[in-house]
$ cat model.cif   # mmCIF, C-alpha atoms and all ligand atoms
data_my_file
#
loop_
_atom_site.group_PDB
_atom_site.id
_atom_site.type_symbol
_atom_site.label_atom_id
_atom_site.label_comp_id
_atom_site.auth_asym_id
_atom_site.auth_seq_id
_atom_site.Cartn_x
_atom_site.Cartn_y
_atom_site.Cartn_z
ATOM 1 C CA MET B 1 0.000 0.000 0.000
ATOM 2 C CA THR B 2 1.214 3.517 -0.735
ATOM 3 C CA GLU B 3 2.561 5.425 2.249
ATOM 4 C CA HIS B 4 0.500 8.557 2.914
ATOM 5 C CA LYS B 5 1.786 11.313 5.115
ATOM 6 C CA ILE B 6 -1.597 12.716 6.066
ATOM 7 C CA PRO B 7 -3.959 10.098 7.463
ATOM 8 C CA LEU B 8 -7.482 10.038 6.081
ATOM 9 C CA ALA B 9 -10.426 8.558 7.955
ATOM 10 C CA GLY B 10 -14.169 9.085 7.997
ATOM 11 C CA VAL B 11 -17.583 7.721 8.800
ATOM 12 C CA ILE B 12 -19.862 5.696 6.529
ATOM 13 C CA GLY B 13 -23.631 5.712 6.940
ATOM 14 C CA ASN B 14 -26.971 6.286 5.263
ATOM 15 C CA PRO B 15 -28.062 8.931 6.110
ATOM 16 C CA ILE B 16 -24.853 10.576 7.302
ATOM 17 C CA ALA B 17 -25.532 14.329 7.316
ATOM 18 C CA HIS B 18 -26.660 14.235 10.970
ATOM 19 C CA SER B 19 -23.523 12.406 12.177
ATOM 20 C CA LYS B 20 -21.686 14.125 15.004
ATOM 21 C CA SER B 21 -18.452 12.196 14.447
ATOM 22 C CA PRO B 22 -16.918 14.650 11.923
ATOM 23 C CA HIS B 23 -17.367 17.519 14.422
ATOM 24 C CA LEU B 24 -15.719 15.470 17.136
ATOM 25 C CA PHE B 25 -12.788 14.260 15.048
ATOM 26 C CA ARG B 26 -12.120 17.710 13.641
ATOM 27 C CA HIS B 27 -12.191 19.132 17.172
ATOM 28 C CA TRP B 28 -9.642 16.561 18.325
ATOM 29 C CA LEU B 29 -7.431 17.022 15.241
ATOM 30 C CA LYS B 30 -7.325 20.737 15.977
ATOM 31 C CA THR B 31 -6.896 20.352 19.740
ATOM 32 C CA TYR B 32 -3.977 17.939 19.398
ATOM 33 C CA ASN B 33 -2.585 19.685 16.343
ATOM 34 C CA ARG B 34 -2.580 16.453 14.344
ATOM 35 C CA PRO B 35 -2.428 16.365 10.556
ATOM 36 C CA GLY B 36 -5.382 14.438 9.164
ATOM 37 C CA PHE B 37 -8.827 14.517 7.620
ATOM 38 C CA TYR B 38 -12.070 12.931 8.738
ATOM 39 C CA VAL B 39 -14.968 12.981 6.288
ATOM 40 C CA PRO B 40 -18.630 11.932 6.349
ATOM 41 C CA MET B 41 -19.518 9.472 3.557
ATOM 42 C CA HIS B 42 -23.055 8.776 2.434
ATOM 43 C CA VAL B 43 -23.025 5.190 1.181
ATOM 44 C CA ALA B 44 -26.062 3.272 -0.088
ATOM 45 C CA GLU B 45 -26.428 -0.385 0.903
ATOM 46 C CA GLY B 46 -25.584 -1.691 -2.576
ATOM 47 C CA ASP B 47 -22.323 0.289 -2.687
ATOM 48 C CA LEU B 48 -21.017 -0.670 0.727
ATOM 49 C CA GLU B 49 -18.487 -3.313 -0.250
ATOM 50 C CA SER B 50 -17.036 -1.475 -3.254
ATOM 51 C CA VAL B 51 -16.669 1.743 -1.251
ATOM 52 C CA ILE B 52 -14.965 -0.012 1.659
ATOM 53 C CA ARG B 53 -12.575 -1.839 -0.662
ATOM 54 C CA SER B 54 -11.659 1.382 -2.467
ATOM 55 C CA LEU B 55 -10.967 3.458 0.667
ATOM 56 C CA PRO B 56 -7.543 1.956 1.501
ATOM 57 C CA LYS B 57 -6.466 2.536 -2.101
ATOM 58 C CA MET B 58 -7.333 6.211 -1.682
ATOM 59 C CA GLY B 59 -5.146 6.500 1.396
ATOM 60 C CA PHE B 60 -7.729 5.949 4.127
ATOM 61 C CA VAL B 61 -6.335 4.360 7.281
ATOM 62 C CA GLY B 62 -9.752 3.377 8.546
ATOM 63 C CA CYS B 63 -13.319 4.474 9.050
ATOM 64 C CA ASN B 64 -16.186 4.434 11.455
ATOM 65 C CA VAL B 65 -19.410 2.769 10.433
ATOM 66 C CA THR B 66 -22.889 3.768 11.474
ATOM 67 C CA LEU B 67 -26.463 2.751 10.620
ATOM 68 C CA PRO B 68 -27.507 0.825 8.626
ATOM 69 C CA HIS B 69 -24.145 -0.795 7.832
ATOM 70 C CA LYS B 70 -22.855 -1.970 11.212
ATOM 71 C CA VAL B 71 -23.888 -5.596 10.736
ATOM 72 C CA ASP B 72 -23.011 -5.903 7.031
ATOM 73 C CA VAL B 73 -19.437 -4.614 7.380
ATOM 74 C CA LEU B 74 -18.588 -7.608 9.503
ATOM 75 C CA GLN B 75 -19.051 -9.836 6.442
ATOM 76 C CA ILE B 76 -16.800 -7.611 4.349
ATOM 77 C CA ALA B 77 -13.953 -7.459 6.885
ATOM 78 C CA ASP B 78 -11.139 -10.020 6.751
ATOM 79 C CA LEU B 79 -10.748 -10.147 10.526
ATOM 80 C CA ALA B 80 -12.813 -9.091 13.502
ATOM 81 C CA THR B 81 -12.090 -8.588 17.188
ATOM 82 C CA ASP B 82 -13.805 -10.938 19.637
ATOM 83 C CA ARG B 83 -16.061 -8.143 20.840
ATOM 84 C CA ALA B 84 -17.220 -7.307 17.302
ATOM 85 C CA THR B 85 -17.924 -10.979 16.639
ATOM 86 C CA LEU B 86 -19.836 -11.319 19.909
ATOM 87 C CA ILE B 87 -21.924 -8.210 19.244
ATOM 88 C CA GLY B 88 -22.417 -9.219 15.604
ATOM 89 C CA ALA B 89 -21.678 -5.709 14.357
ATOM 90 C CA ALA B 90 -18.760 -3.328 13.861
ATOM 91 C CA ASN B 91 -18.436 0.436 14.170
ATOM 92 C CA THR B 92 -14.725 0.771 13.433
ATOM 93 C CA LEU B 93 -12.721 -0.543 10.481
ATOM 94 C CA ILE B 94 -8.939 -0.478 10.419
ATOM 95 C CA PHE B 95 -7.237 -0.748 7.037
ATOM 96 C CA ARG B 96 -4.040 -2.577 7.839
ATOM 97 C CA ARG B 97 -0.752 -2.166 6.040
ATOM 98 C CA ASP B 98 -0.936 -5.776 4.860
ATOM 99 C CA GLY B 99 -4.167 -4.909 3.019
ATOM 100 C CA LYS B 100 -6.481 -6.685 5.456
ATOM 101 C CA ILE B 101 -9.611 -4.998 6.774
ATOM 102 C CA HIS B 102 -9.943 -5.386 10.529
ATOM 103 C CA ALA B 103 -13.370 -4.824 12.150
ATOM 104 C CA ASP B 104 -13.839 -3.735 15.747
ATOM 105 C CA ASN B 105 -16.792 -2.688 17.855
ATOM 106 C CA THR B 106 -16.065 0.052 20.386
ATOM 107 C CA ASP B 107 -19.682 0.748 21.386
ATOM 108 C CA GLY B 108 -19.489 -1.392 24.519
ATOM 109 C CA TYR B 109 -16.141 0.147 25.435
ATOM 110 C CA GLY B 110 -17.708 3.595 24.991
ATOM 111 C CA PHE B 111 -20.669 2.629 27.129
ATOM 112 C CA ILE B 112 -18.519 1.458 30.055
ATOM 113 C CA ALA B 113 -16.068 4.381 29.768
ATOM 114 C CA ASN B 114 -19.003 6.824 29.856
ATOM 115 C CA LEU B 115 -20.505 5.086 32.887
ATOM 116 C CA LYS B 116 -17.204 5.237 34.766
ATOM 117 C CA GLN B 117 -16.639 8.877 33.879
ATOM 118 C CA GLY B 118 -20.209 9.978 34.645
ATOM 119 C CA ALA B 119 -20.602 7.924 37.838
ATOM 120 C CA PRO B 120 -17.092 7.738 39.337
ATOM 121 C CA GLY B 121 -18.131 5.230 42.027
ATOM 122 C CA TRP B 122 -19.486 2.796 39.459
ATOM 123 C CA ALA B 123 -17.954 -0.673 39.441
ATOM 124 C CA PRO B 124 -19.180 -4.015 38.051
ATOM 125 C CA SER B 125 -19.409 -5.328 41.614
ATOM 126 C CA ILE B 126 -22.079 -2.825 42.718
ATOM 127 C CA GLY B 127 -24.800 -5.298 41.779
ATOM 128 C CA PRO B 128 -27.204 -6.430 39.061
ATOM 129 C CA ALA B 129 -27.928 -4.289 36.016
ATOM 130 C CA ALA B 130 -31.288 -3.743 34.296
ATOM 131 C CA VAL B 131 -31.225 -3.266 30.528
ATOM 132 C CA LEU B 132 -34.337 -1.898 28.832
ATOM 133 C CA GLY B 133 -34.560 -2.724 25.118
ATOM 134 C CA ALA B 134 -33.112 -5.560 23.043
ATOM 135 C CA GLY B 135 -31.903 -4.009 19.778
ATOM 136 C CA GLY B 136 -28.361 -3.611 18.476
ATOM 137 C CA ALA B 137 -27.428 -1.103 21.161
ATOM 138 C CA ALA B 138 -28.591 -3.469 23.925
ATOM 139 C CA ARG B 139 -26.396 -6.196 22.469
ATOM 140 C CA ALA B 140 -23.294 -4.029 22.783
ATOM 141 C CA VAL B 141 -24.282 -2.898 26.290
ATOM 142 C CA ILE B 142 -24.904 -6.450 27.557
ATOM 143 C CA ALA B 143 -21.677 -7.757 26.020
ATOM 144 C CA SER B 144 -19.682 -5.006 27.711
ATOM 145 C CA LEU B 145 -21.396 -5.409 31.095
ATOM 146 C CA ILE B 146 -20.608 -9.138 31.077
ATOM 147 C CA ASP B 147 -17.090 -8.464 29.848
ATOM 148 C CA VAL B 148 -16.289 -6.151 32.768
ATOM 149 C CA GLY B 149 -17.704 -8.648 35.253
ATOM 150 C CA VAL B 150 -21.344 -7.785 35.992
ATOM 151 C CA GLN B 151 -22.800 -11.054 37.275
ATOM 152 C CA GLU B 152 -26.538 -10.549 36.758
ATOM 153 C CA ILE B 153 -28.461 -8.670 34.071
ATOM 154 C CA PHE B 154 -32.231 -8.259 33.930
ATOM 155 C CA LEU B 155 -33.369 -7.672 30.362
ATOM 156 C CA SER B 156 -36.771 -6.345 29.389
ATOM 157 C CA ASN B 157 -38.095 -5.547 25.934
ATOM 158 C CA ARG B 158 -41.514 -4.763 24.487
ATOM 159 C CA THR B 159 -41.048 -7.643 22.026
ATOM 160 C CA ARG B 160 -40.091 -10.433 24.404
ATOM 161 C CA PRO B 161 -38.686 -12.888 21.799
ATOM 162 C CA LYS B 162 -35.953 -10.379 20.926
ATOM 163 C CA ALA B 163 -34.889 -10.318 24.582
ATOM 164 C CA GLU B 164 -34.969 -14.122 24.650
ATOM 165 C CA ALA B 165 -32.730 -14.248 21.575
ATOM 166 C CA LEU B 166 -30.202 -12.058 23.402
ATOM 167 C CA GLN B 167 -30.453 -14.263 26.461
ATOM 168 C CA SER B 168 -29.624 -17.301 24.296
ATOM 169 C CA ALA B 169 -26.610 -15.464 22.924
ATOM 170 C CA PHE B 170 -25.265 -14.318 26.291
ATOM 171 C CA GLY B 171 -26.264 -17.156 28.620
ATOM 172 C CA THR B 172 -27.284 -17.555 32.219
ATOM 173 C CA LYS B 173 -26.190 -14.150 33.472
ATOM 174 C CA VAL B 174 -29.169 -12.671 31.579
ATOM 175 C CA THR B 175 -32.733 -13.024 32.904
ATOM 176 C CA VAL B 176 -35.648 -11.908 30.711
ATOM 177 C CA VAL B 177 -38.478 -9.972 32.346
ATOM 178 C CA ASP B 178 -41.801 -9.002 30.708
ATOM 179 C CA TRP B 179 -41.928 -5.405 29.486
ATOM 180 C CA VAL B 180 -45.016 -4.626 31.573
ATOM 181 C CA GLN B 181 -43.067 -5.723 34.642
ATOM 182 C CA ALA B 182 -39.934 -3.749 33.802
ATOM 183 C CA GLY B 183 -40.535 -1.504 36.829
ATOM 184 C CA ASN B 184 -40.241 -4.510 39.164
ATOM 185 C CA ILE B 185 -36.639 -5.262 38.310
ATOM 186 C CA LEU B 186 -35.414 -1.793 39.092
ATOM 187 C CA GLU B 187 -35.481 -2.119 42.865
ATOM 188 C CA ASP B 188 -32.986 -5.000 42.630
ATOM 189 C CA SER B 189 -30.727 -3.203 40.179
ATOM 190 C CA ALA B 190 -27.666 -1.096 40.926
ATOM 191 C CA THR B 191 -27.394 0.055 37.310
ATOM 192 C CA VAL B 192 -30.286 0.832 34.940
ATOM 193 C CA VAL B 193 -29.773 1.398 31.212
ATOM 194 C CA ASN B 194 -32.285 2.609 28.636
ATOM 195 C CA THR B 195 -31.215 1.291 25.241
ATOM 196 C CA THR B 196 -34.597 1.856 23.579
ATOM 197 C CA SER B 197 -35.300 4.842 21.376
ATOM 198 C CA LEU B 198 -38.022 5.985 23.777
ATOM 199 C CA GLY B 199 -37.448 9.499 25.070
ATOM 200 C CA MET B 200 -35.622 10.610 21.930
ATOM 201 C CA THR B 201 -36.915 13.867 20.435
ATOM 202 C CA GLY B 202 -40.005 12.975 18.406
ATOM 203 C CA GLN B 203 -40.500 9.589 20.119
ATOM 204 C CA PRO B 204 -42.837 8.735 23.004
ATOM 205 C CA GLU B 205 -41.377 8.944 26.524
ATOM 206 C CA LEU B 206 -40.017 5.889 28.307
ATOM 207 C CA ARG B 207 -42.518 5.303 31.084
ATOM 208 C CA VAL B 208 -41.278 2.902 33.710
ATOM 209 C CA PRO B 209 -42.341 3.337 37.337
ATOM 210 C CA LEU B 210 -39.216 4.503 39.130
ATOM 211 C CA ASP B 211 -40.572 4.526 42.696
ATOM 212 C CA GLY B 212 -38.813 1.213 43.492
ATOM 213 C CA LEU B 213 -35.372 2.577 42.637
ATOM 214 C CA ARG B 214 -32.863 2.765 45.440
ATOM 215 C CA ARG B 215 -31.131 6.098 46.041
ATOM 216 C CA GLY B 216 -27.690 6.017 44.484
ATOM 217 C CA THR B 217 -28.674 3.645 41.679
ATOM 218 C CA VAL B 218 -26.752 4.569 38.539
ATOM 219 C CA VAL B 219 -29.192 5.318 35.727
ATOM 220 C CA THR B 220 -28.030 5.945 32.182
ATOM 221 C CA ASP B 221 -29.818 6.599 28.921
ATOM 222 C CA LEU B 222 -28.298 5.923 25.506
ATOM 223 C CA VAL B 223 -30.572 8.621 24.113
ATOM 224 C CA TYR B 224 -28.643 11.916 23.984
ATOM 225 C CA SER B 225 -31.129 14.077 22.130
ATOM 226 C CA PRO B 226 -32.397 15.568 24.369
ATOM 227 C CA LEU B 227 -29.375 15.349 26.632
ATOM 228 C CA LYS B 228 -31.422 15.048 29.769
ATOM 229 C CA THR B 229 -34.322 12.775 28.913
ATOM 230 C CA ARG B 230 -37.418 12.751 31.022
ATOM 231 C CA PHE B 231 -36.376 9.282 32.203
ATOM 232 C CA LEU B 232 -33.093 10.711 33.521
ATOM 233 C CA GLN B 233 -34.891 13.691 35.073
ATOM 234 C CA GLU B 234 -37.232 11.368 36.950
ATOM 235 C CA ALA B 235 -34.343 9.165 38.043
ATOM 236 C CA GLU B 236 -32.471 12.209 39.318
ATOM 237 C CA ALA B 237 -35.542 13.334 41.252
ATOM 238 C CA ALA B 238 -35.635 9.849 42.821
ATOM 239 C CA GLY B 239 -32.079 10.321 44.136
ATOM 240 C CA CYS B 240 -30.256 8.315 41.467
ATOM 241 C CA VAL B 241 -26.910 9.121 39.887
ATOM 242 C CA THR B 242 -27.652 9.870 36.225
ATOM 243 C CA VAL B 243 -25.360 9.656 33.204
ATOM 244 C CA ASP B 244 -26.434 10.992 29.821
ATOM 245 C CA GLY B 245 -25.715 9.152 26.570
ATOM 246 C CA LEU B 246 -23.576 11.745 24.818
ATOM 247 C CA GLY B 247 -20.405 10.501 26.471
ATOM 248 C CA MET B 248 -20.866 7.024 24.993
ATOM 249 C CA LEU B 249 -20.816 8.546 21.527
ATOM 250 C CA LEU B 250 -17.618 10.381 22.375
ATOM 251 C CA HIS B 251 -15.834 7.525 24.130
ATOM 252 C CA GLN B 252 -16.580 4.993 21.377
ATOM 253 C CA ALA B 253 -14.627 7.250 18.998
ATOM 254 C CA VAL B 254 -11.480 7.314 21.155
ATOM 255 C CA PRO B 255 -9.861 4.020 19.992
ATOM 256 C CA GLY B 256 -10.280 4.942 16.316
ATOM 257 C CA PHE B 257 -8.834 8.424 16.764
ATOM 258 C CA GLU B 258 -5.870 7.063 18.709
ATOM 259 C CA ARG B 259 -5.187 4.383 16.120
ATOM 260 C CA TRP B 260 -5.513 6.640 13.081
ATOM 261 C CA PHE B 261 -4.080 9.912 14.351
ATOM 262 C CA GLY B 262 -1.620 8.745 16.995
ATOM 263 C CA THR B 263 -2.887 10.491 20.139
ATOM 264 C CA ARG B 264 -5.369 9.307 22.722
ATOM 265 C CA PRO B 265 -7.929 12.137 22.923
ATOM 266 C CA GLU B 266 -9.749 13.373 26.010
ATOM 267 C CA VAL B 267 -13.505 13.169 26.407
ATOM 268 C CA ASP B 268 -14.007 16.470 28.204
ATOM 269 C CA VAL B 269 -16.339 19.456 28.214
ATOM 270 C CA ASP B 270 -14.716 20.823 25.067
ATOM 271 C CA ALA B 271 -15.331 17.571 23.178
ATOM 272 C CA ARG B 272 -18.944 17.605 24.357
ATOM 273 C CA ALA B 273 -19.324 21.211 23.247
ATOM 274 C CA ALA B 274 -17.829 20.367 19.828
ATOM 275 C CA VAL B 275 -20.557 17.841 19.053
ATOM 276 C CA LEU B 276 -23.351 19.888 20.593
ATOM 277 C CA GLY B 277 -22.428 22.709 18.208
HETATM 278 P P1 LIG S 1 -30.752 0.096 18.277
HETATM 279 O O1 LIG S 1 -29.866 -0.570 17.282
HETATM 280 O O2 LIG S 1 -30.439 1.554 18.496
HETATM 281 O O3 LIG S 1 -30.828 -0.651 19.562
HETATM 282 P P2 LIG S 1 -33.224 -1.023 17.333
HETATM 283 O O4 LIG S 1 -32.518 -2.282 17.015
HETATM 284 O O5 LIG S 1 -34.194 -0.475 16.348
HETATM 285 O O6 LIG S 1 -32.204 0.144 17.602
HETATM 286 O O7 LIG S 1 -33.941 -1.204 18.754
HETATM 287 C C1 LIG S 1 -34.816 -0.253 19.273
HETATM 288 C C2 LIG S 1 -35.255 -0.671 20.665
HETATM 289 O O8 LIG S 1 -36.212 0.294 21.135
HETATM 290 C C3 LIG S 1 -35.952 -2.018 20.702
HETATM 291 O O9 LIG S 1 -35.690 -2.652 21.929
HETATM 292 C C4 LIG S 1 -37.423 -1.616 20.596
HETATM 293 O O10 LIG S 1 -38.337 -2.554 21.113
HETATM 294 P P3 LIG S 1 -38.944 -3.699 20.169
HETATM 295 O O11 LIG S 1 -37.890 -4.742 20.046
HETATM 296 O O12 LIG S 1 -40.155 -4.159 20.865
HETATM 297 O O13 LIG S 1 -39.257 -3.030 18.836
HETATM 298 C C5 LIG S 1 -37.425 -0.390 21.473
HETATM 299 N N1 LIG S 1 -38.595 0.449 21.193
HETATM 300 C C6 LIG S 1 -38.765 1.273 20.138
HETATM 301 N N2 LIG S 1 -39.989 1.871 20.221
HETATM 302 C C7 LIG S 1 -40.577 1.385 21.345
HETATM 303 C C8 LIG S 1 -41.842 1.621 21.981
HETATM 304 N N3 LIG S 1 -42.738 2.476 21.464
HETATM 305 N N4 LIG S 1 -42.104 0.959 23.138
HETATM 306 C C9 LIG S 1 -41.204 0.098 23.658
HETATM 307 N N5 LIG S 1 -39.994 -0.160 23.112
HETATM 308 C C10 LIG S 1 -39.685 0.479 21.965
#

$ encode --input "model.cif" --output "structure tokens"
Amino acid sequence: MTEHKIPLAGVIGNPIAHSKSPHLFRHWLKTYNRPGFYVPMHVAEGDLESVIRSLPKMGFVGCNVTLPHKVDVLQIADLATDRATLIGAANTLIFRRDGKIHADNTDGYGFIANLKQGAPGWAPSIGPAAVLGAGGAARAVIASLIDVGVQEIFLSNRTRPKAEALQSAFGTKVTVVDWVQAGNILEDSATVVNTTSLGMTGQPELRVPLDGLRRGTVVTDLVYSPLKTRFLQEAEAAGCVTVDGLGMLLHQAVPGFERWFGTRPEVDVDARAAVLG
């Protein structure tokens, strides 16, 4: 492969115009005075493989991948990390010097890093976790919780079979609870995670009775628009420690930036401000 002095990276998705990653990467490039470019790329499903295969030839060192391509890129990659294989999706591609495409998934890493930063006392040993929702995001969250050592996870989803499918994938540490009973699991949980799209601007609110929550429970929402969802507001009013979802978006980008541009960037107020615009 040709040696390029200025690293190129970017993010592939469809749509892509709304992506916050270019703002974040450009902020970090400027902050750390690194040479490099990071570009948004709108790629239709049918073009995914040809675009990915052409990027290394154009001097790209890697790219992030967002919806709807996160599952499909795993088939295109030559190698995948264990965590990407376990989650069944990738959000980071590394174009290696030997020509191989290496897929990774840093969503779970970003989730845990955000939890630790937002709730400094948080540790896997604090007790069971409740996960609401059973889509792709829940898969990454559950994989990362198990990976760091959480022993018990209650999982509740409106469509119960999707939660059961996740339970089959992750094993006995996961217990499925009916969606209508989601409120019941909260009193036994030390960590509560909303992975559903409920509460996002334009979506209905997540309505789970929070009266059973213990004070000090760590409650986090993957929704970051709005930053403080009603769910988080209610949890805060109930005495919980709340962590918004923006940090997960920022932390999941850290490994890619470090790999491509050679500096490990900080997730701080300036990085948050850069993506909030
Ligand atoms: P992601 O990849 O971000 O997790 P997804 O795979 O579309 O997105 O999953 C969305 C999650 O939000 C699912 O758990 C979904 O529940 P269903 O599996 O029952 O569809 C949940 N969700 C979306 N709208 C919902 C609603 N109105 N009530 C309850 N759950 C909802």

$ resolve_selection --input "model.cif" --expression "the PyMOL selection byres (((chain B and resi 200) around 7) and not hetatm)" --output "PyMOL selection string"
chain B and resi 197-199+201-203+223+225-226

$ residues_near_ligand --input "model.cif" --ligand "ligand LIG 1 (chain S)" --cutoff "10 Å" --atoms "only C-alpha atoms and all ligand atoms" --output "PyMOL selection string"
chain B and resi 67-68+70+131-141+156-163+179-180+194-200+203-207+222-223

$ write_last_selection --input "model.cif" --atoms "C-alpha atoms" --output "PDB file, in the frame of the given file"
ATOM      1  CA  LEU B  67     -26.463   2.751  10.620  1.00  0.00           C
ATOM      2  CA  PRO B  68     -27.507   0.825   8.626  1.00  0.00           C
ATOM      3  CA  LYS B  70     -22.855  -1.970  11.212  1.00  0.00           C
ATOM      4  CA  VAL B 131     -31.225  -3.266  30.528  1.00  0.00           C
ATOM      5  CA  LEU B 132     -34.337  -1.898  28.832  1.00  0.00           C
ATOM      6  CA  GLY B 133     -34.560  -2.724  25.118  1.00  0.00           C
ATOM      7  CA  ALA B 134     -33.112  -5.560  23.043  1.00  0.00           C
ATOM      8  CA  GLY B 135     -31.903  -4.009  19.778  1.00  0.00           C
ATOM      9  CA  GLY B 136     -28.361  -3.611  18.476  1.00  0.00           C
ATOM     10  CA  ALA B 137     -27.428  -1.103  21.161  1.00  0.00           C
ATOM     11  CA  ALA B 138     -28.591  -3.469  23.925  1.00  0.00           C
ATOM     12  CA  ARG B 139     -26.396  -6.196  22.469  1.00  0.00           C
ATOM     13  CA  ALA B 140     -23.294  -4.029  22.783  1.00  0.00           C
ATOM     14  CA  VAL B 141     -24.282  -2.898  26.290  1.00  0.00           C
ATOM     15  CA  SER B 156     -36.771  -6.345  29.389  1.00  0.00           C
ATOM     16  CA  ASN B 157     -38.095  -5.547  25.934  1.00  0.00           C
ATOM     17  CA  ARG B 158     -41.514  -4.763  24.487  1.00  0.00           C
ATOM     18  CA  THR B 159     -41.048  -7.643  22.026  1.00  0.00           C
ATOM     19  CA  ARG B 160     -40.091 -10.433  24.404  1.00  0.00           C
ATOM     20  CA  PRO B 161     -38.686 -12.888  21.799  1.00  0.00           C
ATOM     21  CA  LYS B 162     -35.953 -10.379  20.926  1.00  0.00           C
ATOM     22  CA  ALA B 163     -34.889 -10.318  24.582  1.00  0.00           C
ATOM     23  CA  TRP B 179     -41.928  -5.405  29.486  1.00  0.00           C
ATOM     24  CA  VAL B 180     -45.016  -4.626  31.573  1.00  0.00           C
ATOM     25  CA  ASN B 194     -32.285   2.609  28.636  1.00  0.00           C
ATOM     26  CA  THR B 195     -31.215   1.291  25.241  1.00  0.00           C
ATOM     27  CA  THR B 196     -34.597   1.856  23.579  1.00  0.00           C
ATOM     28  CA  SER B 197     -35.300   4.842  21.376  1.00  0.00           C
ATOM     29  CA  LEU B 198     -38.022   5.985  23.777  1.00  0.00           C
ATOM     30  CA  GLY B 199     -37.448   9.499  25.070  1.00  0.00           C
ATOM     31  CA  MET B 200     -35.622  10.610  21.930  1.00  0.00           C
ATOM     32  CA  GLN B 203     -40.500   9.589  20.119  1.00  0.00           C
ATOM     33  CA  PRO B 204     -42.837   8.735  23.004  1.00  0.00           C
ATOM     34  CA  GLU B 205     -41.377   8.944  26.524  1.00  0.00           C
ATOM     35  CA  LEU B 206     -40.017   5.889  28.307  1.00  0.00           C
ATOM     36  CA  ARG B 207     -42.518   5.303  31.084  1.00  0.00           C
ATOM     37  CA  LEU B 222     -28.298   5.923  25.506  1.00  0.00           C
ATOM     38  CA  VAL B 223     -30.572   8.621  24.113  1.00  0.00           C
TER      39      VAL B 223
END

$ residues_around --input "model.cif" --residues "region 174-176 of chain B" --least-positions-apart "3" --cutoff "7 Å" --atoms "only C-alpha atoms" --output "VMD selection string"
chain B and resid 152 to 156 163 to 164 167 170 to 171

$ closest_residue --input "model.cif" --among "B:Ile52, B:Ile101, B:Leu213, B:Ala130" --to "Glu187 (chain B)" --atoms "only C-alpha atoms"
B:Leu213

$ closest_atom_pairs --input "model.cif" --of "region 104-162 of chain B" --to "region 238-255 of chain B" --cutoff "12 Å" --atoms "all atoms listed in the file" --output "Markdown table"
| residue | atom | partner | partner_atom | distance |
| --- | --- | --- | --- | --- |
| B:Asp104 | CA | B:Pro255 | CA | 9.7 |
| B:Asn105 | CA | B:Gln252 | CA | 8.5 |
| B:Thr106 | CA | B:Gln252 | CA | 5.1 |
| B:Asp107 | CA | B:Gln252 | CA | 5.3 |
| B:Gly108 | CA | B:Gln252 | CA | 7.7 |
| B:Tyr109 | CA | B:Gln252 | CA | 6.3 |
| B:Gly110 | CA | B:Gln252 | CA | 4.0 |
| B:Phe111 | CA | B:Met248 | CA | 4.9 |
| B:Ile112 | CA | B:Met248 | CA | 7.9 |
| B:Ala113 | CA | B:His251 | CA | 6.5 |
| B:Asn114 | CA | B:Gly247 | CA | 5.2 |
| B:Leu115 | CA | B:Val243 | CA | 6.7 |
| B:Lys116 | CA | B:Val243 | CA | 9.4 |
| B:Gln117 | CA | B:Gly247 | CA | 8.5 |
| B:Gly118 | CA | B:Val243 | CA | 5.4 |
| B:Ala119 | CA | B:Val241 | CA | 6.7 |
| B:Pro120 | CA | B:Val241 | CA | 9.9 |
| B:Gly121 | CA | B:Val241 | CA | 9.8 |
| B:Trp122 | CA | B:Val241 | CA | 9.8 |
| B:Ala137 | CA | B:Met248 | CA | 11.1 |
| B:Ala140 | CA | B:Gln252 | CA | 11.3 |
| B:Val141 | CA | B:Met248 | CA | 10.6 |

$ resolve_selection --input "model.cif" --expression "the PyMOL selection byres (((chain B and resi 232) around 8) and not hetatm)" --output "compact mmCIF listing (two decimals) with C-alpha atoms, in the frame of the given file"
# COMPACT_ATOMS: atom_id res chain seq x y z
CA VAL B 219 -29.19 5.32 35.73
CA THR B 220 -28.03 5.94 32.18
CA ASP B 221 -29.82 6.60 28.92
CA LYS B 228 -31.42 15.05 29.77
CA THR B 229 -34.32 12.78 28.91
CA ARG B 230 -37.42 12.75 31.02
CA PHE B 231 -36.38 9.28 32.20
CA GLN B 233 -34.89 13.69 35.07
CA GLU B 234 -37.23 11.37 36.95
CA ALA B 235 -34.34 9.16 38.04
CA GLU B 236 -32.47 12.21 39.32
CA THR B 242 -27.65 9.87 36.22
CA VAL B 243 -25.36 9.66 33.20
CA ASP B 244 -26.43 10.99 29.82

$ atom_distance --input "model.cif" --atom1 "CA of Val177 (chain B)" --atom2 "CA of Ser144 (chain B)"
20.0 Å

$ resolve_selection --input "model.cif" --expression "the PyMOL selection byres (((chain B and resi 92) around 12) and not hetatm)" --output "number ranges by chain"
B: 9-12, 52, 61-66, 69-71, 73-74, 77, 79-81, 83-84, 89-91, 93-95, 101-107, 252-257, 259-260

$ closest_residue --input "model.cif" --among "B:Leu24, B:Ser189, B:Leu227, B:Ala123" --to "Arg215 (chain B)" --atoms "all atoms listed in the file"
B:Ser189

$ atom_distance --input "model.cif" --atom1 "CA of Val150 (chain B)" --atom2 "CA of Ile126 (chain B)"
8.4 Å

$ closest_residue --input "model.cif" --among "B:Asp147, B:Thr31, B:Ile76, B:Ala182" --to "Ser50 (chain B)" --atoms "all atoms listed in the file"
B:Ile76

$ closest_residue --input "model.cif" --among "B:Lys30, B:His42, B:Arg97, B:Lys57" --to "Phe261 (chain B)" --atoms "all atoms listed in the file"
B:Lys30
